[in-house]
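Student: Contents of entry03.cif (mmCIF, C-alpha atoms and all ligand atoms) are below:
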```cif
data_target
#
loop_
_atom_site.group_PDB
_atom_site.id
_atom_site.type_symbol
_atom_site.label_atom_id
_atom_site.label_comp_id
_atom_site.auth_asym_id
_atom_site.auth_seq_id
_atom_site.Cartn_x
_atom_site.Cartn_y
_atom_site.Cartn_z
ATOM 1 C CA MET A 937 139.467 -67.569 -186.456
ATOM 2 C CA GLY A 938 143.165 -68.039 -185.701
ATOM 3 C CA LEU A 939 143.373 -64.873 -183.617
ATOM 4 C CA GLU A 940 140.121 -65.680 -181.771
ATOM 5 C CA PHE A 941 141.383 -69.180 -181.011
ATOM 6 C CA THR A 942 144.683 -67.832 -179.707
ATOM 7 C CA THR A 943 143.167 -65.103 -177.537
ATOM 8 C CA GLY A 944 140.529 -67.566 -176.268
ATOM 9 C CA ARG A 945 143.219 -70.044 -175.221
ATOM 10 C CA LEU A 946 145.209 -67.227 -173.618
ATOM 11 C CA ALA A 947 142.145 -66.062 -171.666
ATOM 12 C CA ASP A 948 141.592 -69.641 -170.479
ATOM 13 C CA ALA A 949 145.210 -69.867 -169.318
ATOM 14 C CA VAL A 950 144.948 -66.549 -167.452
ATOM 15 C CA ALA A 951 141.691 -67.681 -165.804
ATOM 16 C CA TRP A 952 143.336 -70.977 -164.806
ATOM 17 C CA ALA A 953 146.236 -69.088 -163.210
ATOM 18 C CA ARG A 954 143.847 -66.725 -161.420
ATOM 19 C CA LYS A 955 141.699 -69.458 -159.938
ATOM 20 C CA PHE A 956 144.734 -71.146 -158.360
ATOM 21 C CA SER A 957 146.301 -67.965 -156.992
ATOM 22 C CA LEU A 958 143.584 -66.314 -154.955
ATOM 23 C CA PHE A 959 144.758 -63.768 -152.418
ATOM 24 C CA GLN A 960 142.155 -63.390 -149.732
ATOM 25 C CA TYR A 961 141.345 -60.314 -147.726
ATOM 26 C CA PRO A 962 139.553 -61.655 -144.631
ATOM 27 C CA PHE A 963 136.967 -59.123 -143.436
ATOM 28 C CA ALA A 964 136.348 -61.076 -140.246
ATOM 29 C CA THR A 965 134.060 -59.496 -137.682
ATOM 30 C CA ALA A 966 132.564 -62.183 -135.489
ATOM 31 C CA CYS A 967 132.437 -65.796 -134.342
ATOM 32 C CA CYS A 968 132.542 -67.265 -137.882
ATOM 33 C CA ALA A 969 136.221 -66.285 -137.938
ATOM 34 C CA MET A 970 137.048 -69.139 -135.527
ATOM 35 C CA GLU A 971 135.816 -71.707 -138.033
ATOM 36 C CA PHE A 972 137.372 -69.784 -140.902
ATOM 37 C CA MET A 973 140.830 -70.077 -139.310
ATOM 38 C CA SER A 974 140.647 -73.861 -139.278
ATOM 39 C CA LEU A 975 140.975 -73.784 -143.056
ATOM 40 C CA TRP A 976 144.661 -73.007 -142.767
ATOM 41 C CA GLY A 977 145.424 -76.071 -140.689
ATOM 42 C CA PRO A 978 146.805 -79.283 -142.188
ATOM 43 C CA ARG A 979 143.426 -81.027 -141.922
ATOM 44 C CA TYR A 980 141.675 -78.849 -144.506
ATOM 45 C CA ASP A 981 144.802 -77.458 -146.180
ATOM 46 C CA VAL A 982 143.405 -74.610 -148.257
ATOM 47 C CA ALA A 983 146.851 -74.336 -149.869
ATOM 48 C CA ARG A 984 145.727 -77.122 -152.206
ATOM 49 C CA PHE A 985 143.480 -74.533 -153.847
ATOM 50 C CA GLY A 986 146.167 -71.853 -154.073
ATOM 51 C CA ALA A 987 144.287 -69.655 -151.609
ATOM 52 C CA GLU A 988 146.403 -69.919 -148.476
ATOM 53 C CA PHE A 989 147.943 -66.442 -148.293
ATOM 54 C CA PRO A 990 145.780 -63.777 -146.667
ATOM 55 C CA ARG A 991 146.508 -60.209 -147.638
ATOM 56 C CA PHE A 992 145.738 -57.426 -145.191
ATOM 57 C CA SER A 993 145.790 -54.703 -147.791
ATOM 58 C CA PRO A 994 142.824 -54.668 -150.188
ATOM 59 C CA ARG A 995 145.152 -53.476 -152.934
ATOM 60 C CA GLN A 996 146.969 -56.808 -152.833
ATOM 61 C CA ALA A 997 143.874 -59.014 -152.634
ATOM 62 C CA ASP A 998 141.463 -60.297 -155.250
ATOM 63 C CA LEU A 999 139.097 -62.295 -153.008
ATOM 64 C CA LEU A 1000 137.138 -60.528 -150.308
ATOM 65 C CA MET A 1001 136.021 -63.037 -147.669
ATOM 66 C CA VAL A 1002 133.322 -61.464 -145.523
ATOM 67 C CA VAL A 1003 133.236 -63.537 -142.361
ATOM 68 C CA GLY A 1004 130.659 -62.799 -139.675
ATOM 69 C CA THR A 1005 128.112 -60.179 -138.773
ATOM 70 C CA VAL A 1006 128.324 -56.827 -140.550
ATOM 71 C CA THR A 1007 126.677 -53.929 -138.766
ATOM 72 C CA GLU A 1008 125.296 -50.842 -140.459
ATOM 73 C CA ARG A 1009 128.254 -48.878 -139.116
ATOM 74 C CA GLN A 1010 130.695 -51.353 -140.656
ATOM 75 C CA ALA A 1011 128.926 -51.408 -144.034
ATOM 76 C CA PRO A 1012 130.593 -48.223 -145.419
ATOM 77 C CA VAL A 1013 133.990 -49.609 -144.373
ATOM 78 C CA LEU A 1014 133.247 -52.870 -146.181
ATOM 79 C CA LYS A 1015 132.212 -50.965 -149.299
ATOM 80 C CA ARG A 1016 135.361 -48.879 -149.206
ATOM 81 C CA ILE A 1017 137.564 -51.964 -148.888
ATOM 82 C CA TYR A 1018 135.754 -53.547 -151.832
ATOM 83 C CA GLU A 1019 136.284 -50.429 -153.920
ATOM 84 C CA GLN A 1020 139.995 -50.386 -153.047
ATOM 85 C CA MET A 1021 140.511 -53.868 -154.499
ATOM 86 C CA CYS A 1022 141.683 -54.046 -158.092
ATOM 87 C CA GLU A 1023 139.671 -55.793 -160.808
ATOM 88 C CA PRO A 1024 139.069 -58.605 -161.354
ATOM 89 C CA LYS A 1025 137.887 -59.357 -157.836
ATOM 90 C CA TRP A 1026 135.470 -61.719 -156.187
ATOM 91 C CA VAL A 1027 133.447 -61.772 -152.993
ATOM 92 C CA VAL A 1028 132.464 -64.725 -150.822
ATOM 93 C CA SER A 1029 129.894 -64.305 -148.072
ATOM 94 C CA PHE A 1030 130.811 -66.625 -145.194
ATOM 95 C CA GLY A 1031 127.919 -67.680 -142.956
ATOM 96 C CA VAL A 1032 124.306 -66.653 -142.535
ATOM 97 C CA CYS A 1033 125.110 -63.410 -140.736
ATOM 98 C CA ALA A 1034 127.107 -62.087 -143.687
ATOM 99 C CA SER A 1035 124.626 -63.505 -146.193
ATOM 100 C CA SER A 1036 121.341 -62.405 -144.638
ATOM 101 C CA GLY A 1037 121.934 -60.813 -141.242
ATOM 102 C CA GLY A 1038 121.286 -64.191 -139.616
ATOM 103 C CA PHE A 1039 119.216 -64.076 -136.484
ATOM 104 C CA TYR A 1040 120.050 -60.412 -135.881
ATOM 105 C CA GLN A 1041 116.779 -59.081 -137.200
ATOM 106 C CA ASN A 1042 117.282 -55.567 -135.923
ATOM 107 C CA TYR A 1043 118.097 -52.042 -137.014
ATOM 108 C CA SER A 1044 121.828 -52.252 -136.390
ATOM 109 C CA VAL A 1045 122.781 -55.241 -138.567
ATOM 110 C CA THR A 1046 123.045 -55.237 -142.353
ATOM 111 C CA PRO A 1047 120.498 -57.742 -143.722
ATOM 112 C CA GLY A 1048 123.058 -59.306 -146.030
ATOM 113 C CA ILE A 1049 126.244 -57.824 -147.473
ATOM 114 C CA ASP A 1050 124.745 -57.887 -150.954
ATOM 115 C CA HIS A 1051 122.915 -54.737 -149.866
ATOM 116 C CA VAL A 1052 126.356 -53.119 -149.872
ATOM 117 C CA ILE A 1053 128.612 -54.953 -152.339
ATOM 118 C CA PRO A 1054 128.101 -57.660 -154.998
ATOM 119 C CA VAL A 1055 128.574 -61.261 -153.884
ATOM 120 C CA ASP A 1056 129.770 -64.157 -156.055
ATOM 121 C CA VAL A 1057 129.296 -67.112 -153.700
ATOM 122 C CA TYR A 1058 127.262 -67.477 -150.484
ATOM 123 C CA ILE A 1059 128.151 -70.046 -147.842
ATOM 124 C CA PRO A 1060 125.276 -71.034 -145.532
ATOM 125 C CA GLY A 1061 125.722 -72.150 -141.937
ATOM 126 C CA CYS A 1062 126.190 -70.750 -138.448
ATOM 127 C CA PRO A 1063 129.112 -71.134 -138.674
ATOM 128 C CA PRO A 1064 129.769 -72.979 -141.951
ATOM 129 C CA ARG A 1065 131.814 -76.154 -141.811
ATOM 130 C CA PRO A 1066 135.291 -75.922 -143.370
ATOM 131 C CA GLU A 1067 134.177 -78.451 -145.991
ATOM 132 C CA GLN A 1068 131.496 -75.958 -147.087
ATOM 133 C CA VAL A 1069 134.163 -73.310 -147.535
ATOM 134 C CA LEU A 1070 136.224 -75.637 -149.697
ATOM 135 C CA ASP A 1071 133.080 -76.390 -151.689
ATOM 136 C CA ALA A 1072 132.511 -72.645 -152.122
ATOM 137 C CA LEU A 1073 136.111 -72.168 -153.253
ATOM 138 C CA ILE A 1074 135.656 -74.845 -155.911
ATOM 139 C CA MET A 1075 132.439 -73.131 -157.059
ATOM 140 C CA LEU A 1076 134.272 -69.836 -157.227
ATOM 141 C CA GLN A 1077 137.122 -71.400 -159.193
ATOM 142 C CA ASP A 1078 134.591 -72.707 -161.720
ATOM 143 C CA ARG A 1079 133.147 -69.230 -162.049
ATOM 144 C CA ILE A 1080 136.593 -67.705 -162.486
ATOM 145 C CA GLN A 1081 137.523 -70.268 -165.142
ATOM 146 C CA SER A 1082 134.323 -69.553 -167.064
ATOM 147 C CA ARG A 1083 134.727 -65.811 -166.409
ATOM 148 C CA GLN A 1084 131.288 -65.560 -164.813
ATOM 149 C CA GLY A 1085 132.188 -63.593 -161.714
ATOM 150 C CA TRP A 1086 129.727 -60.826 -160.867
ATOM 151 C CA SER A 1087 132.283 -58.077 -160.611
ATOM 152 C CA GLU A 1088 134.077 -59.213 -163.749
ATOM 153 C CA ARG A 1089 130.787 -59.071 -165.685
ATOM 154 C CA MET A 1090 130.027 -55.624 -164.307
ATOM 155 C CA TYR A 1091 133.542 -54.446 -165.104
ATOM 156 C CA GLU A 1092 133.165 -55.682 -168.660
ATOM 157 C CA LEU A 1093 129.771 -54.002 -168.909
ATOM 158 C CA ASP A 1094 131.235 -50.771 -167.615
ATOM 159 C CA GLN A 1095 134.084 -50.946 -170.126
ATOM 160 C CA ARG A 1096 131.626 -51.502 -172.943
ATOM 161 C CA LYS A 1097 129.509 -48.589 -171.827
ATOM 162 C CA GLN A 1098 132.580 -46.376 -171.822
ATOM 163 C CA ARG A 1099 133.520 -47.545 -175.318
ATOM 164 C CA GLU A 1100 129.944 -47.007 -176.512
ATOM 165 C CA ALA A 1101 129.962 -43.526 -175.030
ATOM 166 C CA GLN A 1102 133.124 -42.850 -177.020
ATOM 167 C CA GLY A 1103 131.441 -44.295 -180.136
ATOM 168 C CA VAL A 1104 133.895 -47.210 -180.451
ATOM 169 C CA ASP A 1105 131.395 -50.116 -180.184
ATOM 170 C CA ALA A 1106 127.796 -50.596 -181.260
ATOM 171 C CA VAL A 1107 125.269 -50.371 -178.422
ATOM 172 C CA THR A 1108 125.004 -53.708 -176.614
ATOM 173 C CA LYS A 1109 122.228 -54.800 -174.292
ATOM 174 C CA PRO A 1110 123.347 -55.467 -170.678
ATOM 175 C CA GLY A 1111 121.833 -58.950 -170.903
ATOM 176 C CA ALA A 1112 124.226 -59.804 -173.738
ATOM 177 C CA VAL A 1113 127.221 -59.607 -171.438
ATOM 178 C CA ARG A 1114 128.509 -63.022 -170.331
HETATM 179 S S1 LIG B 1201 126.716 -67.018 -138.724
HETATM 180 FE FE1 LIG B 1201 126.734 -67.785 -136.591
HETATM 181 S S2 LIG B 1201 128.887 -68.196 -136.165
HETATM 182 FE FE2 LIG B 1201 128.826 -66.832 -137.964
HETATM 183 S S3 LIG B 1201 128.978 -64.742 -137.170
HETATM 184 FE FE3 LIG B 1201 126.794 -65.237 -137.322
HETATM 185 S S4 LIG B 1201 126.232 -65.993 -135.275
HETATM 186 FE FE4 LIG B 1201 128.487 -66.105 -135.442
#
```
Would you mind giving the structure from this file in structure tokens?
Ligand code: SF4

Tutor:
Amino acid sequence: MGLEFTTGRLADAVAWARKFSLFQYPFATACCAMEFMSLWGPRYDVARFGAEFPRFSPRQADLLMVVGTVTERQAPVLKRIYEQMCEPKWVVSFGVCASSGGFYQNYSVTPGIDHVIPVDVYIPGCPPRPEQVLDALIMLQDRIQSRQGWSERMYELDQRKQREAQGVDAVTKPGAVR
């Protein structure tokens, strides 16, 4: 009980620190990027959420912001960037083009980046308003605090599978993972 309480509190503190120190990698491809940039101005002041520093190396980022249209030719690049980011990591899909392909219903555009990589939060709009992005950041922070991020769950599941394969843990159903 004492150890569980201590490690639980420690995990909460780590999650709190993570949610206020997000380092974004902006994968910006199209017109949504114009609206995305307004977040850094004094009016919307994304620094309040600890997410003001973009990182242009995926190895230094833990939040992949996919901003704009992603074509089929760009999809493998996006996947590679995602794979180069260290765990735990999160993905936000910015705008309808990134989330569903938008109005580009044709062979050359990916019909949503979740066909390529997992997504934690989707932001609707063409382009989304900056207030929607702040709303999405708050949603993501809640998910980080409660350790519900998609990639974190999958990472945990993967770790468990590896331990099970080594005979360390009892077999656990995937649905049992938080
Ligand atoms: S959602 Fe609209 S603004 Fe954003 S990339 Fe697509 S067409 Fe451009």

Student: For this structure, which residues satisfy the selection - the PyMOL selection byres (((not hetatm)) within 12 of (chain B and resi 1201)) - when it is evaluated on the file as given? I want them as an mmCIF file with C-alpha atoms, in the frame of the given file.

Tutor:
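So part16.cif came out as:
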```
data_model
loop_
_atom_site.group_PDB
_atom_site.id
_atom_site.type_symbol
_atom_site.label_atom_id
_atom_site.label_comp_id
_atom_site.auth_asym_id
_atom_site.auth_seq_id
_atom_site.Cartn_x
_atom_site.Cartn_y
_atom_site.Cartn_z
ATOM 1 C CA PHE A 963 136.967 -59.123 -143.436
ATOM 2 C CA ALA A 964 136.348 -61.076 -140.246
ATOM 3 C CA THR A 965 134.060 -59.496 -137.682
ATOM 4 C CA ALA A 966 132.564 -62.183 -135.489
ATOM 5 C CA CYS A 967 132.437 -65.796 -134.342
ATOM 6 C CA CYS A 968 132.542 -67.265 -137.882
ATOM 7 C CA ALA A 969 136.221 -66.285 -137.938
ATOM 8 C CA MET A 970 137.048 -69.139 -135.527
ATOM 9 C CA GLU A 971 135.816 -71.707 -138.033
ATOM 10 C CA PHE A 972 137.372 -69.784 -140.902
ATOM 11 C CA VAL A 1002 133.322 -61.464 -145.523
ATOM 12 C CA VAL A 1003 133.236 -63.537 -142.361
ATOM 13 C CA GLY A 1004 130.659 -62.799 -139.675
ATOM 14 C CA THR A 1005 128.112 -60.179 -138.773
ATOM 15 C CA VAL A 1006 128.324 -56.827 -140.550
ATOM 16 C CA THR A 1007 126.677 -53.929 -138.766
ATOM 17 C CA SER A 1029 129.894 -64.305 -148.072
ATOM 18 C CA PHE A 1030 130.811 -66.625 -145.194
ATOM 19 C CA GLY A 1031 127.919 -67.680 -142.956
ATOM 20 C CA VAL A 1032 124.306 -66.653 -142.535
ATOM 21 C CA CYS A 1033 125.110 -63.410 -140.736
ATOM 22 C CA ALA A 1034 127.107 -62.087 -143.687
ATOM 23 C CA SER A 1035 124.626 -63.505 -146.193
ATOM 24 C CA SER A 1036 121.341 -62.405 -144.638
ATOM 25 C CA GLY A 1037 121.934 -60.813 -141.242
ATOM 26 C CA GLY A 1038 121.286 -64.191 -139.616
ATOM 27 C CA PHE A 1039 119.216 -64.076 -136.484
ATOM 28 C CA TYR A 1040 120.050 -60.412 -135.881
ATOM 29 C CA GLN A 1041 116.779 -59.081 -137.200
ATOM 30 C CA VAL A 1045 122.781 -55.241 -138.567
ATOM 31 C CA THR A 1046 123.045 -55.237 -142.353
ATOM 32 C CA PRO A 1047 120.498 -57.742 -143.722
ATOM 33 C CA GLY A 1048 123.058 -59.306 -146.030
ATOM 34 C CA TYR A 1058 127.262 -67.477 -150.484
ATOM 35 C CA ILE A 1059 128.151 -70.046 -147.842
ATOM 36 C CA PRO A 1060 125.276 -71.034 -145.532
ATOM 37 C CA GLY A 1061 125.722 -72.150 -141.937
ATOM 38 C CA CYS A 1062 126.190 -70.750 -138.448
ATOM 39 C CA PRO A 1063 129.112 -71.134 -138.674
ATOM 40 C CA PRO A 1064 129.769 -72.979 -141.951
ATOM 41 C CA ARG A 1065 131.814 -76.154 -141.811
#
```

Student: Please indicate the distance in Å from CA of Ala997 in chain A to CA of Gln1020 in chain A, rounded to one decimal place.

Tutor: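 CA of Gln1020 in chain A lies 9.5 Å from CA of Ala997 in chain A.
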
Student: Decode the PyMOL selection byres (((chain A and resi 995) around 10) and not hetatm) for the given file into explicit residues and return them as a list in words.

Tutor: Tyr961, Arg991, Phe992, Ser993, Pro994, Gln996, Ala997, Asp998, Ile1017, Tyr1018, Glu1019, Gln1020, Met1021, Cys1022 and Glu1023 of chain A

Student: Take the residues just selected and output them with C-alpha atoms as a short mmCIF file (atom, residue, chain, number, x, y, z; two decimals), in the coordinates of the input.

Tutor:
```cif
data_model
loop_
_atom_site.label_atom_id
_atom_site.label_comp_id
_atom_site.auth_asym_id
_atom_site.auth_seq_id
_atom_site.Cartn_x
_atom_site.Cartn_y
_atom_site.Cartn_z
CA TYR A 961 141.34 -60.31 -147.73
CA ARG A 991 146.51 -60.21 -147.64
CA PHE A 992 145.74 -57.43 -145.19
CA SER A 993 145.79 -54.70 -147.79
CA PRO A 994 142.82 -54.67 -150.19
CA GLN A 996 146.97 -56.81 -152.83
CA ALA A 997 143.87 -59.01 -152.63
CA ASP A 998 141.46 -60.30 -155.25
CA ILE A 1017 137.56 -51.96 -148.89
CA TYR A 1018 135.75 -53.55 -151.83
CA GLU A 1019 136.28 -50.43 -153.92
CA GLN A 1020 140.00 -50.39 -153.05
CA MET A 1021 140.51 -53.87 -154.50
CA CYS A 1022 141.68 -54.05 -158.09
CA GLU A 1023 139.67 -55.79 -160.81
#
```

Student: Write out as a ChimeraX atom specification each polymer residue whose atoms come within 7 Å of range 1072-1082 of chain A, counting all atoms listed in the file; drop sequence neighbours fewer than 6 positions from it.

Tutor: /A:948,951-952,955,1057,1059

Student: What does the structure give for the distance between CA of Tyr980 in chain A and CA of Leu1070 in chain A, in Å to one decimal?

Tutor: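 Between CA of Tyr980 in chain A and CA of Leu1070 in chain A the gap works out to 8.2 Å.
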
Student: Under the rule that only C-alpha atoms are counted, which of A:Gly986, A:Pro1024, A:Pro1066, A:Pro1012 is the nearest residue to Leu958 in chain A?

Tutor: A:Gly986

Student: I'd like the interatomic distance between CA of Ser974 in chain A and CA of Val1055 in chain A, to a tenth of an Å.

Tutor: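 CA of Val1055 in chain A lies at a distance of 22.8 Å from CA of Ser974 in chain A.
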
Student: Using all atoms of range 1030-1035 of chain A listed in the file and a margin of 4 Å per side, can you give the axis-aligned box centre and edge lengths in Å to one decimal, as AutoDock Vina command-line options?

Tutor:
```
--center_x 127.6 --center_y -64.9 --center_z -143.5 --size_x 14.5 --size_y 13.6 --size_z 13.5
```

Student: I'd like the neighbourhood of Val1052 in chain A as a PyMOL selection string, where a residue qualifies if any of its atoms comes within 7 Å (using only C-alpha atoms), though same-chain residues fewer than 3 positions away should be ignored.

Tutor: chain A and resi 1011+1015+1049

Student: Closest to Gln1068 in chain A among A:Leu999, A:Val1028, A:Asp1050, A:Ala949, using all atoms listed in the file?

Tutor: A:Val1028

Student: Would you mind telling me which residue in A:Val1013, A:Met1001, A:Ala1101, A:Ala953 lies nearest to Asp1056 in chain A when using only C-alpha atoms?

Tutor: A:Met1001

Student: Could you model all heavy atoms for range 951-962 of chain A and present them as a PDB file, in the frame of the given file?

Tutor:
```pdb
ATOM      1  N   ALA A 951     142.733 -67.323-166.783  1.00  0.00           N
ATOM      2  CA  ALA A 951     141.691 -67.681-165.804  1.00  0.00           C
ATOM      3  C   ALA A 951     142.158 -68.850-164.942  1.00  0.00           C
ATOM      4  O   ALA A 951     141.911 -68.876-163.732  1.00  0.00           O
ATOM      5  CB  ALA A 951     140.397 -68.022-166.528  1.00  0.00           C
ATOM      6  N   TRP A 952     142.822 -69.818-165.561  1.00  0.00           N
ATOM      7  CA  TRP A 952     143.336 -70.977-164.806  1.00  0.00           C
ATOM      8  C   TRP A 952     144.344 -70.510-163.752  1.00  0.00           C
ATOM      9  O   TRP A 952     144.315 -70.957-162.604  1.00  0.00           O
ATOM     10  CB  TRP A 952     143.998 -71.957-165.787  1.00  0.00           C
ATOM     11  CG  TRP A 952     144.533 -73.186-165.123  1.00  0.00           C
ATOM     12  CD1 TRP A 952     143.859 -74.346-164.863  1.00  0.00           C
ATOM     13  CD2 TRP A 952     145.860 -73.366-164.607  1.00  0.00           C
ATOM     14  NE1 TRP A 952     144.689 -75.237-164.222  1.00  0.00           N
ATOM     15  CE2 TRP A 952     145.919 -74.670-164.050  1.00  0.00           C
ATOM     16  CE3 TRP A 952     147.001 -72.569-164.567  1.00  0.00           C
ATOM     17  CZ2 TRP A 952     147.074 -75.179-163.460  1.00  0.00           C
ATOM     18  CZ3 TRP A 952     148.152 -73.073-163.970  1.00  0.00           C
ATOM     19  CH2 TRP A 952     148.174 -74.371-163.438  1.00  0.00           C
ATOM     20  N   ALA A 953     145.241 -69.590-164.161  1.00  0.00           N
ATOM     21  CA  ALA A 953     146.236 -69.088-163.210  1.00  0.00           C
ATOM     22  C   ALA A 953     145.559 -68.302-162.085  1.00  0.00           C
ATOM     23  O   ALA A 953     145.934 -68.425-160.915  1.00  0.00           O
ATOM     24  CB  ALA A 953     147.244 -68.202-163.941  1.00  0.00           C
ATOM     25  N   ARG A 954     144.542 -67.519-162.444  1.00  0.00           N
ATOM     26  CA  ARG A 954     143.847 -66.725-161.420  1.00  0.00           C
ATOM     27  C   ARG A 954     143.144 -67.608-160.409  1.00  0.00           C
ATOM     28  O   ARG A 954     143.164 -67.343-159.209  1.00  0.00           O
ATOM     29  CB  ARG A 954     142.809 -65.828-162.089  1.00  0.00           C
ATOM     30  CG  ARG A 954     143.393 -64.564-162.638  1.00  0.00           C
ATOM     31  CD  ARG A 954     142.305 -63.683-163.203  1.00  0.00           C
ATOM     32  NE  ARG A 954     142.884 -62.477-163.748  1.00  0.00           N
ATOM     33  CZ  ARG A 954     142.409 -61.829-164.799  1.00  0.00           C
ATOM     34  NH1 ARG A 954     141.343 -62.281-165.411  1.00  0.00           N
ATOM     35  NH2 ARG A 954     142.987 -60.736-165.218  1.00  0.00           N
ATOM     36  N   LYS A 955     142.514 -68.661-160.875  1.00  0.00           N
ATOM     37  CA  LYS A 955     141.699 -69.458-159.938  1.00  0.00           C
ATOM     38  C   LYS A 955     142.562 -70.232-158.949  1.00  0.00           C
ATOM     39  O   LYS A 955     142.082 -70.612-157.890  1.00  0.00           O
ATOM     40  CB  LYS A 955     140.746 -70.386-160.695  1.00  0.00           C
ATOM     41  CG  LYS A 955     141.362 -71.627-161.269  1.00  0.00           C
ATOM     42  CD  LYS A 955     140.281 -72.474-161.912  1.00  0.00           C
ATOM     43  CE  LYS A 955     140.853 -73.767-162.433  1.00  0.00           C
ATOM     44  NZ  LYS A 955     139.849 -74.608-163.072  1.00  0.00           N
ATOM     45  N   PHE A 956     143.845 -70.450-159.294  1.00  0.00           N
ATOM     46  CA  PHE A 956     144.734 -71.146-158.360  1.00  0.00           C
ATOM     47  C   PHE A 956     145.703 -70.198-157.664  1.00  0.00           C
ATOM     48  O   PHE A 956     146.698 -70.645-157.093  1.00  0.00           O
ATOM     49  CB  PHE A 956     145.509 -72.244-159.088  1.00  0.00           C
ATOM     50  CG  PHE A 956     144.670 -73.457-159.366  1.00  0.00           C
ATOM     51  CD1 PHE A 956     144.364 -73.837-160.667  1.00  0.00           C
ATOM     52  CD2 PHE A 956     144.152 -74.218-158.325  1.00  0.00           C
ATOM     53  CE1 PHE A 956     143.569 -74.947-160.925  1.00  0.00           C
ATOM     54  CE2 PHE A 956     143.359 -75.322-158.566  1.00  0.00           C
ATOM     55  CZ  PHE A 956     143.064 -75.687-159.868  1.00  0.00           C
ATOM     56  N   SER A 957     145.427 -68.912-157.718  1.00  0.00           N
ATOM     57  CA  SER A 957     146.301 -67.965-156.992  1.00  0.00           C
ATOM     58  C   SER A 957     145.448 -66.860-156.382  1.00  0.00           C
ATOM     59  O   SER A 957     145.673 -65.682-156.639  1.00  0.00           O
ATOM     60  CB  SER A 957     147.362 -67.377-157.928  1.00  0.00           C
ATOM     61  OG  SER A 957     146.736 -66.702-158.999  1.00  0.00           O
ATOM     62  N   LEU A 958     144.468 -67.288-155.601  1.00  0.00           N
ATOM     63  CA  LEU A 958     143.584 -66.314-154.955  1.00  0.00           C
ATOM     64  C   LEU A 958     144.261 -65.739-153.719  1.00  0.00           C
ATOM     65  O   LEU A 958     144.815 -66.478-152.906  1.00  0.00           O
ATOM     66  CB  LEU A 958     142.264 -66.989-154.554  1.00  0.00           C
ATOM     67  CG  LEU A 958     141.370 -67.397-155.718  1.00  0.00           C
ATOM     68  CD1 LEU A 958     140.278 -68.338-155.243  1.00  0.00           C
ATOM     69  CD2 LEU A 958     140.769 -66.173-156.385  1.00  0.00           C
ATOM     70  N   PHE A 959     144.218 -64.442-153.596  1.00  0.00           N
ATOM     71  CA  PHE A 959     144.758 -63.768-152.418  1.00  0.00           C
ATOM     72  C   PHE A 959     143.587 -63.176-151.647  1.00  0.00           C
ATOM     73  O   PHE A 959     142.934 -62.250-152.114  1.00  0.00           O
ATOM     74  CB  PHE A 959     145.767 -62.686-152.832  1.00  0.00           C
ATOM     75  CG  PHE A 959     147.038 -63.259-153.386  1.00  0.00           C
ATOM     76  CD1 PHE A 959     147.182 -63.492-154.733  1.00  0.00           C
ATOM     77  CD2 PHE A 959     148.070 -63.612-152.527  1.00  0.00           C
ATOM     78  CE1 PHE A 959     148.343 -64.055-155.244  1.00  0.00           C
ATOM     79  CE2 PHE A 959     149.235 -64.172-153.021  1.00  0.00           C
ATOM     80  CZ  PHE A 959     149.368 -64.391-154.382  1.00  0.00           C
ATOM     81  N   GLN A 960     143.356 -63.756-150.492  1.00  0.00           N
ATOM     82  CA  GLN A 960     142.155 -63.390-149.732  1.00  0.00           C
ATOM     83  C   GLN A 960     142.397 -62.188-148.837  1.00  0.00           C
ATOM     84  O   GLN A 960     143.439 -62.096-148.199  1.00  0.00           O
ATOM     85  CB  GLN A 960     141.741 -64.527-148.817  1.00  0.00           C
ATOM     86  CG  GLN A 960     141.520 -65.835-149.484  1.00  0.00           C
ATOM     87  CD  GLN A 960     141.041 -66.854-148.474  1.00  0.00           C
ATOM     88  OE1 GLN A 960     140.392 -66.505-147.486  1.00  0.00           O
ATOM     89  NE2 GLN A 960     141.335 -68.108-148.705  1.00  0.00           N
ATOM     90  N   TYR A 961     141.387 -61.338-148.773  1.00  0.00           N
ATOM     91  CA  TYR A 961     141.345 -60.314-147.726  1.00  0.00           C
ATOM     92  C   TYR A 961     140.255 -60.755-146.763  1.00  0.00           C
ATOM     93  O   TYR A 961     139.069 -60.713-147.105  1.00  0.00           O
ATOM     94  CB  TYR A 961     141.020 -58.938-148.322  1.00  0.00           C
ATOM     95  CG  TYR A 961     140.991 -57.838-147.273  1.00  0.00           C
ATOM     96  CD1 TYR A 961     142.088 -56.994-147.116  1.00  0.00           C
ATOM     97  CD2 TYR A 961     139.894 -57.661-146.440  1.00  0.00           C
ATOM     98  CE1 TYR A 961     142.070 -55.998-146.151  1.00  0.00           C
ATOM     99  CE2 TYR A 961     139.882 -56.676-145.471  1.00  0.00           C
ATOM    100  CZ  TYR A 961     140.967 -55.849-145.335  1.00  0.00           C
ATOM    101  OH  TYR A 961     140.957 -54.870-144.375  1.00  0.00           O
ATOM    102  N   PRO A 962     140.600 -61.206-145.551  1.00  0.00           N
ATOM    103  CA  PRO A 962     139.553 -61.655-144.631  1.00  0.00           C
ATOM    104  C   PRO A 962     138.943 -60.477-143.868  1.00  0.00           C
ATOM    105  O   PRO A 962     139.622 -59.870-143.037  1.00  0.00           O
ATOM    106  CB  PRO A 962     140.290 -62.612-143.691  1.00  0.00           C
ATOM    107  CG  PRO A 962     141.732 -62.254-143.788  1.00  0.00           C
ATOM    108  CD  PRO A 962     141.952 -61.446-145.027  1.00  0.00           C
TER     109      PRO A 962
END
```
